[in-house]
Structures are given as structure tokens and as C-alpha cells.
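To start, the structure itself, in C-alpha cells.
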Amino acid sequence: MNQKSLESVDWSAIPRPIDDGTASHLQGALMPDIALPSTSGGDVEFGQLSGWSVLYFYPMTGRPDVPLPDGWDDIPGARGCTPQSCAFRDHSQDLADRGVSALFGISTQSSEYQKEAVDRLHLPFDLLSDAELRLATALNLPTMEVNGRVLLKRLTLILHGRQIKKVFFPVFPPDRNATDVLEFMVARGGPS
């Protein structure tokens, strides 16, 4: 992303996403037995997750050398992937201390594209690619179309094993999401 995106964002100038009900079916659902490629080169199998996991879904990360789609800041919920990822980076150890054993960011971008963000942002966790929309389709995740591309709407799932225990949707502002997840983990008790 450009330097502007790395500075603090005036979220009051960005359209707030609304809860359109497209994630209401997720609470209590089981993750499908699907594997997605990760930026570390392997696959993550959702059917094999155990303990507490956090999956945050986002539309797309920008790159310093690639302009964002025209009107990106005017799309409710589109802006904020880098601040959200950086917040999860900054709270990753706090989440681990509260019992989170797996933390992943997921978009429809390729693992090759996502690898740049992992390196540039120094993320201590993998990003996963749902470029083929297999997980999005299996869970009927909320999506949006931008410039002919299907992108995931921003939401976060907290799992215990394969079961979705908490859904954050819509997520706004994105840089607050990791704190909200941490507060949920603290409230539920467990390791600290």
C-alpha cells in the first residue's frame, strides 16, 4: 500500500459497513474439511484444527507498487486490511497467551501475492488463499464484487476445534478487530 495507508486512518471519513445478515448463519457452524494454501508453502486443513483458532477474512491487501481499485475508500468495509493485519500482528502473542493456538488471515488473493504482505508487514502468522472460493462457498461467506473480482467481506471467526464459537461481522474499524478478539478471549477465561 502507499504511505497514506500506513498512517492512521480517519475512520469517520470511511463508509461504515452494515450488518446485512449474510453472516448470521455462521455462529455454531462447523468448519468444512477443506485445506487452503498458506504463505509458508503448506496447506492448512480446517478439519484438523484443534484448540482455539482465529480466522480473520479481509477483501484484499494493497501493495506499494499496485494501485488500489478506483473508489476503494468509498466501498463500505473495503479499506483497512493493512491496519487489521498489523493489529493482529501486534496482538498475536497476547492471543497466544490467552489460548489461541492458530491465527490466520484469509483473502481471495493468491499466496504469492499475499507473501509480499507477510514479508512487508512482518506478520508472525500465515495468510491463506481462498482464490478458488472453496471455503467462501462451503461456508456461504459474505462477499462483494469489485472490478469483476469476488472479494471476501471483512469478518472474523473464533473457533474451538472445528466449531465457530464467535462471529465478528461487520468488522469496523478494522484496526480495532484484534482488540475485540482479545477481549473475547479474556472474557471467556483460560490461559493468561
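Convention: chains lettered A, B, ... in C-alpha cells order; per-chain residue numbering from 1; ligands numbered from 1 as shown.
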- [ ] May I have the residues within 7 Å of Pro32 of chain A as a PyMOL selection string, using only C-alpha atoms and disregarding those fewer than 5 positions away in the same chain?
- [x] chain A and resi 46-47+138
Write the residues of the selection above to a file with N, CA and C atoms, as an mmCIF file, in the first residue's frame.
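What follows is the written file selection.cif:
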```
data_model
loop_
_atom_site.group_PDB
_atom_site.id
_atom_site.type_symbol
_atom_site.label_atom_id
_atom_site.label_comp_id
_atom_site.auth_asym_id
_atom_site.auth_seq_id
_atom_site.Cartn_x
_atom_site.Cartn_y
_atom_site.Cartn_z
ATOM 1 N N PHE A 46 -8.719 -27.162 7.686
ATOM 2 C CA PHE A 46 -9.643 -26.677 8.704
ATOM 3 C C PHE A 46 -10.267 -27.811 9.501
ATOM 4 N N GLY A 47 -10.401 -28.976 8.903
ATOM 5 C CA GLY A 47 -10.941 -30.119 9.616
ATOM 6 C C GLY A 47 -10.001 -30.651 10.683
ATOM 7 N N ALA A 138 -18.304 -23.015 0.666
ATOM 8 C CA ALA A 138 -18.712 -24.031 1.646
ATOM 9 C C ALA A 138 -19.381 -23.401 2.864
#
```
- [ ] Would you list the contacts of segment 73-77 of chain A as an MDAnalysis selection string, taking every protein, DNA or RNA residue within 8 Å and counting only C-alpha atoms, but skipping same-chain residues closer than 6 positions in sequence?
- [x] chainID A and resid 14:18 153:154 170:172
Open item on the list: I need the strand (DSSP E) residues of segment 11-121 of chain A per DSSP on the backbone, written as a ChimeraX atom specification.
Closed with: /A:35-37,43-45,52-57,100-107
Take the residues from that selection and put them in a file with N, CA and C atoms, as a PDB file, in the first residue's frame.
```
ATOM      1  N   ALA A  35      -8.840 -27.657   2.779  1.00  0.00           N
ATOM      2  CA  ALA A  35      -7.477 -27.157   3.001  1.00  0.00           C
ATOM      3  C   ALA A  35      -7.231 -25.977   2.065  1.00  0.00           C
ATOM      4  N   LEU A  36      -6.593 -24.928   2.611  1.00  0.00           N
ATOM      5  CA  LEU A  36      -6.221 -23.767   1.800  1.00  0.00           C
ATOM      6  C   LEU A  36      -4.718 -23.590   1.831  1.00  0.00           C
ATOM      7  N   PRO A  37      -4.132 -23.134   0.706  1.00  0.00           N
ATOM      8  CA  PRO A  37      -2.685 -22.894   0.677  1.00  0.00           C
ATOM      9  C   PRO A  37      -2.301 -21.689   1.536  1.00  0.00           C
ATOM     10  N   ASP A  43      -0.344 -26.350   3.323  1.00  0.00           N
ATOM     11  CA  ASP A  43      -1.794 -26.171   3.346  1.00  0.00           C
ATOM     12  C   ASP A  43      -2.261 -26.191   4.795  1.00  0.00           C
ATOM     13  N   VAL A  44      -3.316 -25.465   5.076  1.00  0.00           N
ATOM     14  CA  VAL A  44      -3.962 -25.511   6.381  1.00  0.00           C
ATOM     15  C   VAL A  44      -5.289 -26.234   6.193  1.00  0.00           C
ATOM     16  N   GLU A  45      -5.458 -27.322   6.940  1.00  0.00           N
ATOM     17  CA  GLU A  45      -6.669 -28.136   6.870  1.00  0.00           C
ATOM     18  C   GLU A  45      -7.595 -27.748   8.022  1.00  0.00           C
ATOM     19  N   TRP A  52      -8.221 -23.334  20.303  1.00  0.00           N
ATOM     20  CA  TRP A  52      -8.799 -22.060  19.869  1.00  0.00           C
ATOM     21  C   TRP A  52      -8.061 -21.534  18.651  1.00  0.00           C
ATOM     22  N   SER A  53      -8.815 -21.111  17.642  1.00  0.00           N
ATOM     23  CA  SER A  53      -8.248 -20.539  16.419  1.00  0.00           C
ATOM     24  C   SER A  53      -8.980 -19.246  16.082  1.00  0.00           C
ATOM     25  N   VAL A  54      -8.255 -18.331  15.457  1.00  0.00           N
ATOM     26  CA  VAL A  54      -8.842 -17.077  14.975  1.00  0.00           C
ATOM     27  C   VAL A  54      -8.584 -16.988  13.484  1.00  0.00           C
ATOM     28  N   LEU A  55      -9.659 -16.796  12.731  1.00  0.00           N
ATOM     29  CA  LEU A  55      -9.583 -16.616  11.280  1.00  0.00           C
ATOM     30  C   LEU A  55     -10.171 -15.250  10.968  1.00  0.00           C
ATOM     31  N   TYR A  56      -9.338 -14.367  10.414  1.00  0.00           N
ATOM     32  CA  TYR A  56      -9.896 -13.078  10.005  1.00  0.00           C
ATOM     33  C   TYR A  56      -9.868 -13.005   8.489  1.00  0.00           C
ATOM     34  N   PHE A  57     -11.016 -12.675   7.934  1.00  0.00           N
ATOM     35  CA  PHE A  57     -11.214 -12.600   6.488  1.00  0.00           C
ATOM     36  C   PHE A  57     -11.215 -11.134   6.085  1.00  0.00           C
ATOM     37  N   VAL A 100      -5.047 -18.978  22.132  1.00  0.00           N
ATOM     38  CA  VAL A 100      -5.211 -19.095  20.682  1.00  0.00           C
ATOM     39  C   VAL A 100      -3.985 -19.819  20.114  1.00  0.00           C
ATOM     40  N   SER A 101      -4.236 -20.995  19.544  1.00  0.00           N
ATOM     41  CA  SER A 101      -3.132 -21.798  19.015  1.00  0.00           C
ATOM     42  C   SER A 101      -2.921 -21.603  17.518  1.00  0.00           C
ATOM     43  N   ALA A 102      -3.904 -21.020  16.828  1.00  0.00           N
ATOM     44  CA  ALA A 102      -3.768 -20.775  15.391  1.00  0.00           C
ATOM     45  C   ALA A 102      -4.413 -19.435  15.042  1.00  0.00           C
ATOM     46  N   LEU A 103      -3.716 -18.645  14.249  1.00  0.00           N
ATOM     47  CA  LEU A 103      -4.180 -17.341  13.792  1.00  0.00           C
ATOM     48  C   LEU A 103      -3.859 -17.227  12.315  1.00  0.00           C
ATOM     49  N   PHE A 104      -4.882 -16.967  11.499  1.00  0.00           N
ATOM     50  CA  PHE A 104      -4.692 -16.852  10.056  1.00  0.00           C
ATOM     51  C   PHE A 104      -5.524 -15.706   9.499  1.00  0.00           C
ATOM     52  N   GLY A 105      -4.969 -14.999   8.513  1.00  0.00           N
ATOM     53  CA  GLY A 105      -5.714 -14.051   7.707  1.00  0.00           C
ATOM     54  C   GLY A 105      -6.058 -14.737   6.395  1.00  0.00           C
ATOM     55  N   ILE A 106      -7.243 -14.468   5.852  1.00  0.00           N
ATOM     56  CA  ILE A 106      -7.706 -15.153   4.637  1.00  0.00           C
ATOM     57  C   ILE A 106      -8.298 -14.142   3.663  1.00  0.00           C
ATOM     58  N   SER A 107      -7.851 -14.227   2.403  1.00  0.00           N
ATOM     59  CA  SER A 107      -8.429 -13.419   1.335  1.00  0.00           C
ATOM     60  C   SER A 107      -8.510 -14.276   0.076  1.00  0.00           C
TER      61      SER A 107
END
```
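In this structure, atom CA of Arg89 of chain A sits 10.0 Å away from atom CA of Val118 of chain A.
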Once DSSP has gone over the backbone, tell me which residues of segment 94-127 of chain A are in alpha helix (DSSP H), as a PDB file with C-alpha atoms, in the first residue's frame.
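Result went into result13.pdb, see below:
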```pdb
ATOM      1  CA  ASP A  94      -1.384 -11.717  23.653  1.00  0.00           C
ATOM      2  CA  LEU A  95      -3.803 -14.004  21.801  1.00  0.00           C
ATOM      3  CA  ALA A  96      -1.439 -16.968  22.168  1.00  0.00           C
ATOM      4  CA  ASP A  97      -1.164 -16.204  25.883  1.00  0.00           C
ATOM      5  CA  SER A 111      -0.459 -16.999  -1.804  1.00  0.00           C
ATOM      6  CA  GLU A 112       2.247 -15.471  -3.985  1.00  0.00           C
ATOM      7  CA  TYR A 113       0.553 -12.063  -3.765  1.00  0.00           C
ATOM      8  CA  GLN A 114      -0.080 -12.452  -0.024  1.00  0.00           C
ATOM      9  CA  LYS A 115       3.563 -13.373   0.644  1.00  0.00           C
ATOM     10  CA  GLU A 116       4.575  -9.772  -0.092  1.00  0.00           C
ATOM     11  CA  ALA A 117       2.274  -8.545   2.708  1.00  0.00           C
ATOM     12  CA  VAL A 118       3.591 -11.156   5.173  1.00  0.00           C
ATOM     13  CA  ASP A 119       7.162 -10.025   4.485  1.00  0.00           C
ATOM     14  CA  ARG A 120       6.497  -6.273   4.348  1.00  0.00           C
ATOM     15  CA  LEU A 121       4.312  -6.216   7.467  1.00  0.00           C
TER      16      LEU A 121
END
```
Open item on the list: Report as a list in words all protein, DNA and RNA residues lying within 10 Å of Ala136 of chain A, evaluated on only C-alpha atoms, omitting residues in the same chain fewer than 6 positions from it.
Closed with: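 Everything that qualifies: Phe57, Ser107, Thr108, Asp130, Pro142, Thr143, Leu151 and Leu152 of chain A.
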- [ ] Using only C-alpha atoms, determine which residues lie at most 8 Å from segment 173-184 of chain A, disregarding the query and same-chain residues fewer than 2 positions distant; provide the list as a list in words.
- [x] Trp11, Gly80, Cys81, Pro83, Gln84, Ser85, Cys86, Ala87, Phe88, His91, Asp94, Leu95, Arg98, Ile158, Val171, Val186, Ala187 and Arg188 of chain A
Export of the given selection (C-alpha atoms) as a PDB file, in the first residue's frame:
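Written out: part32.pdb:
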```
ATOM      1  CA  TRP A  11     -12.330   6.004  10.056  1.00  0.00           C
ATOM      2  CA  GLY A  80      -8.295  -1.316   6.347  1.00  0.00           C
ATOM      3  CA  CYS A  81      -6.668  -4.653   5.510  1.00  0.00           C
ATOM      4  CA  PRO A  83      -4.215  -1.860   9.736  1.00  0.00           C
ATOM      5  CA  GLN A  84      -6.193  -5.006  10.598  1.00  0.00           C
ATOM      6  CA  SER A  85      -3.272  -7.324   9.830  1.00  0.00           C
ATOM      7  CA  CYS A  86      -0.848  -5.109  11.755  1.00  0.00           C
ATOM      8  CA  ALA A  87      -3.179  -5.121  14.776  1.00  0.00           C
ATOM      9  CA  PHE A  88      -3.298  -8.931  14.728  1.00  0.00           C
ATOM     10  CA  HIS A  91      -1.609  -8.788  19.492  1.00  0.00           C
ATOM     11  CA  ASP A  94      -1.384 -11.717  23.653  1.00  0.00           C
ATOM     12  CA  LEU A  95      -3.803 -14.004  21.801  1.00  0.00           C
ATOM     13  CA  ARG A  98      -4.977 -16.445  26.050  1.00  0.00           C
ATOM     14  CA  ILE A 158     -13.209 -17.587  16.603  1.00  0.00           C
ATOM     15  CA  VAL A 171     -15.790  -5.510  11.426  1.00  0.00           C
ATOM     16  CA  VAL A 186     -10.039 -12.701  28.109  1.00  0.00           C
ATOM     17  CA  ALA A 187     -13.760 -12.762  28.979  1.00  0.00           C
ATOM     18  CA  ARG A 188     -14.028 -16.487  28.288  1.00  0.00           C
TER      19      ARG A 188
END
```
Task: Among listed residues A:Lys166, A:Leu159, A:Leu68, A:Thr82, nearest Ser8 of chain A (using only C-alpha atoms) - done: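 Closest to Ser8 of chain A of all the choices is A:Thr82.
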Skip Ser40 of chain A itself and residues of its chain fewer than 2 positions away, then list as an mmCIF file with N, CA and C atoms, in the first residue's frame all residues within 7 Å of it, counting only C-alpha atoms.
```cif
data_model
loop_
_atom_site.group_PDB
_atom_site.id
_atom_site.type_symbol
_atom_site.label_atom_id
_atom_site.label_comp_id
_atom_site.auth_asym_id
_atom_site.auth_seq_id
_atom_site.Cartn_x
_atom_site.Cartn_y
_atom_site.Cartn_z
ATOM 1 N N SER A 38 -1.137 -21.809 2.160
ATOM 2 C CA SER A 38 -0.654 -20.747 3.033
ATOM 3 C C SER A 38 0.607 -20.109 2.464
ATOM 4 N N GLY A 42 2.754 -24.549 2.780
ATOM 5 C CA GLY A 42 1.939 -25.732 3.029
ATOM 6 C C GLY A 42 0.467 -25.421 2.886
ATOM 7 N N ASP A 126 0.598 -17.009 9.109
ATOM 8 C CA ASP A 126 0.383 -17.173 7.677
ATOM 9 C C ASP A 126 -0.902 -16.491 7.225
#
```
Task: Interatomic distance, atom CA of Asp19 of chain A to atom CA of Val150 of chain A (Å, one decimal) - done: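 Going from atom CA of Asp19 of chain A over to atom CA of Val150 of chain A, I get 18.8 Å.
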Open item on the list: Considering only C-alpha atoms, can you say which of A:Gly161, A:Thr39, A:Leu30, A:Gln109 comes closest to Arg149 of chain A?
Closed with: A:Gln109
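Taking atom CA of Pro59 of chain A and atom CA of Leu123 of chain A as endpoints, the distance between them is 17.4 Å.
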Near Gln27 of chain A, within 8 Å and counting only C-alpha atoms, which residues show up once chain neighbours fewer than 5 positions away are dropped, as a short mmCIF file (atom, residue, chain, number, x, y, z; two decimals) with N, CA and C atoms, in the first residue's frame?
```cif
data_model
loop_
_atom_site.label_atom_id
_atom_site.label_comp_id
_atom_site.auth_asym_id
_atom_site.auth_seq_id
_atom_site.Cartn_x
_atom_site.Cartn_y
_atom_site.Cartn_z
N ILE A 164 -17.46 -22.91 15.11
CA ILE A 164 -17.41 -21.45 15.17
C ILE A 164 -18.12 -21.01 16.44
N LYS A 165 -17.37 -20.42 17.36
CA LYS A 165 -17.90 -20.00 18.65
C LYS A 165 -18.29 -18.53 18.69
N LYS A 166 -17.66 -17.72 17.84
CA LYS A 166 -17.93 -16.27 17.85
C LYS A 166 -17.71 -15.73 16.45
N VAL A 167 -18.62 -14.86 16.02
CA VAL A 167 -18.53 -14.20 14.71
C VAL A 167 -18.50 -12.70 14.94
#
```
